[in-house]
Amino acid sequence: RVDKSLEVVAIEFKKGKQFVLVHGGGPQINKELELHNIKPEMINGRRKTTPEVLSVVSKVLSGEVLRGIVNQLIFLGVNAVGISSGDGGTIRAIYSADALGEVGVVDKVDPTFLNNLLKNGYLPVISPIGVNEKGAALNLNADSVAGSLAGALKCERALFMTDVSGIYKEWPKEDSLIHEIKLDELLILKEKVTEGMIPKVEALITAEPDVFSRIDSYLFWDVDIDPGVTVTILSSA
């Protein structure tokens, strides 16, 4: 079965729009960890990653999930290519300061390789598995990778696929769903959000120093809701 969100991407791609897809794969990773009798552990929305866990995460993200997405896009007539975030010098990572094990954060971004792919009519699909300057694989958060690439590529829009409608000031109160927020307010809210929304908010804040002048809106898209919820980030000045 073809993912309906990829069907939308394929339609827009054929109209001439350019896309870079960054994927995660939490449910698939947890399923594989269970088969290996490894209990998953999450800290502030990020996966604690031992070397044993990293082996499973790499296999699932850069193998099963990446190939599955690329294959579906090819079926839909899209010239998709699958890479990991460290390929082509795109991202270099460093170890996270948190006690998370083999987990990294984005240190440097070079969009040259991705820009070349886009100019030649490809749709890059990116696994968040990263690499540091010493060639060590690191588990990067997909939202953080997406935010960093959105800034470096000077994207017009960053779209985050979620299982909720967006960012809430007071989760789960539906009337607290945010449509517009100032950067300084988002920094305060960052200390209040929990679990998987933490890296999404951080991605909006830390993508690039001037990301807010580059990206006109961030779309949080629950695939069961169309057309999604747009969050506009305003300057605090």
# chains A, B, ... in the order shown; residues from 1 in each chain; ligands from 1

$ residues_around --residues "A:Asn139" --least-positions-apart "3" --cutoff "7 Å" --atoms "only C-alpha atoms" --output "ChimeraX atom specification"
/A:54,102-104,129-130

$ select_by_dssp --residues "stretch 69-102 of chain A" --states "helix (DSSP H, G or I)" --output "list of chain:residue names"
A:Ile69, A:Val70, A:Asn71, A:Gln72, A:Leu73, A:Ile74, A:Phe75, A:Asp87, A:Gly88, A:Gly89

$ write_last_selection --atoms "all heavy atoms" --output "short mmCIF file (atom, residue, chain, number, x, y, z; two decimals), in the first residue's frame"
data_model
loop_
_atom_site.label_atom_id
_atom_site.label_comp_id
_atom_site.auth_asym_id
_atom_site.auth_seq_id
_atom_site.Cartn_x
_atom_site.Cartn_y
_atom_site.Cartn_z
N ILE A 69 10.43 4.01 1.35
CA ILE A 69 9.95 5.30 0.85
C ILE A 69 10.39 5.53 -0.59
O ILE A 69 9.60 5.93 -1.45
CB ILE A 69 10.44 6.45 1.75
CG1 ILE A 69 9.81 6.33 3.14
CG2 ILE A 69 10.13 7.81 1.13
CD1 ILE A 69 10.37 7.31 4.15
N VAL A 70 11.68 5.28 -0.85
CA VAL A 70 12.20 5.47 -2.21
C VAL A 70 11.46 4.57 -3.20
O VAL A 70 11.07 5.02 -4.30
CB VAL A 70 13.71 5.20 -2.26
CG1 VAL A 70 14.22 5.16 -3.70
CG2 VAL A 70 14.46 6.26 -1.47
N ASN A 71 11.23 3.34 -2.84
CA ASN A 71 10.55 2.41 -3.75
C ASN A 71 9.12 2.85 -4.04
O ASN A 71 8.65 2.73 -5.18
CB ASN A 71 10.55 1.00 -3.15
CG ASN A 71 11.93 0.38 -3.12
OD1 ASN A 71 12.87 0.90 -3.71
ND2 ASN A 71 12.06 -0.74 -2.42
N GLN A 72 8.42 3.37 -3.03
CA GLN A 72 7.07 3.86 -3.26
C GLN A 72 7.07 5.06 -4.20
O GLN A 72 6.22 5.17 -5.09
CB GLN A 72 6.42 4.25 -1.93
CG GLN A 72 6.05 3.08 -1.04
CD GLN A 72 5.36 3.53 0.23
OE1 GLN A 72 4.23 3.99 0.21
NE2 GLN A 72 6.06 3.41 1.35
N LEU A 73 8.03 5.97 -4.02
CA LEU A 73 8.11 7.14 -4.89
C LEU A 73 8.45 6.74 -6.32
O LEU A 73 7.90 7.32 -7.28
CB LEU A 73 9.15 8.13 -4.34
CG LEU A 73 8.74 8.88 -3.08
CD1 LEU A 73 9.93 9.62 -2.48
CD2 LEU A 73 7.60 9.87 -3.37
N ILE A 74 9.32 5.77 -6.48
CA ILE A 74 9.63 5.28 -7.83
C ILE A 74 8.38 4.70 -8.48
O ILE A 74 8.09 4.95 -9.66
CB ILE A 74 10.76 4.23 -7.77
CG1 ILE A 74 12.08 4.91 -7.40
CG2 ILE A 74 10.88 3.49 -9.10
CD1 ILE A 74 13.22 3.95 -7.13
N PHE A 75 7.61 3.93 -7.70
CA PHE A 75 6.35 3.39 -8.21
C PHE A 75 5.41 4.51 -8.66
O PHE A 75 4.67 4.37 -9.64
CB PHE A 75 5.68 2.55 -7.12
CG PHE A 75 4.28 2.11 -7.46
CD1 PHE A 75 4.05 1.09 -8.37
CD2 PHE A 75 3.17 2.73 -6.87
CE1 PHE A 75 2.76 0.70 -8.69
CE2 PHE A 75 1.89 2.34 -7.19
CZ PHE A 75 1.68 1.32 -8.10
N ASP A 87 25.99 11.58 3.90
CA ASP A 87 26.48 11.34 2.54
C ASP A 87 26.73 12.64 1.80
O ASP A 87 26.00 13.63 1.97
CB ASP A 87 25.48 10.48 1.76
CG ASP A 87 25.35 9.07 2.30
OD1 ASP A 87 26.19 8.69 3.15
OD2 ASP A 87 24.43 8.36 1.88
N GLY A 88 27.75 12.63 0.96
CA GLY A 88 28.05 13.80 0.14
C GLY A 88 28.48 15.01 0.95
O GLY A 88 28.41 16.13 0.46
N GLY A 89 28.92 14.78 2.20
CA GLY A 89 29.31 15.90 3.05
C GLY A 89 28.16 16.78 3.47
O GLY A 89 28.37 17.92 3.88
#

$ residues_around --residues "A:Ser84" --least-positions-apart "6" --cutoff "9 Å" --atoms "only C-alpha atoms" --output "list in words"
Leu61, Ser62, Leu66, Thr90, Val125, Ile126, Ser127, Pro128, Ile129 and Gly130 of chain A

$ write_last_selection --atoms "N, CA and C atoms" --output "compact mmCIF listing (two decimals), in the first residue's frame"
# COMPACT_ATOMS: atom_id res chain seq x y z
N LEU A 61 16.57 2.44 9.73
CA LEU A 61 16.39 3.73 9.08
C LEU A 61 17.02 3.80 7.69
N SER A 62 18.30 3.42 7.59
CA SER A 62 18.99 3.52 6.30
C SER A 62 18.76 2.31 5.41
N LEU A 66 14.14 3.72 4.60
CA LEU A 66 14.60 4.51 3.46
C LEU A 66 14.24 3.86 2.14
N THR A 90 26.93 16.26 3.39
CA THR A 90 25.75 17.08 3.67
C THR A 90 25.71 17.55 5.12
N VAL A 125 15.68 11.54 -0.60
CA VAL A 125 15.05 11.01 0.61
C VAL A 125 16.18 10.69 1.58
N ILE A 126 16.11 11.26 2.79
CA ILE A 126 17.27 11.24 3.68
C ILE A 126 16.98 10.52 4.99
N SER A 127 17.81 9.54 5.28
CA SER A 127 17.80 8.90 6.60
C SER A 127 18.59 9.79 7.55
N PRO A 128 18.12 9.96 8.80
CA PRO A 128 18.82 10.86 9.73
C PRO A 128 20.10 10.30 10.33
N ILE A 129 20.48 9.07 9.97
CA ILE A 129 21.74 8.52 10.49
C ILE A 129 22.89 9.42 10.03
N GLY A 130 23.66 9.93 11.01
CA GLY A 130 24.72 10.88 10.70
C GLY A 130 26.09 10.29 10.91

$ residues_around --residues "A:Ala152" --least-positions-apart "4" --cutoff "7 Å" --atoms "only C-alpha atoms" --output "ChimeraX atom specification"
/A:109,111,148
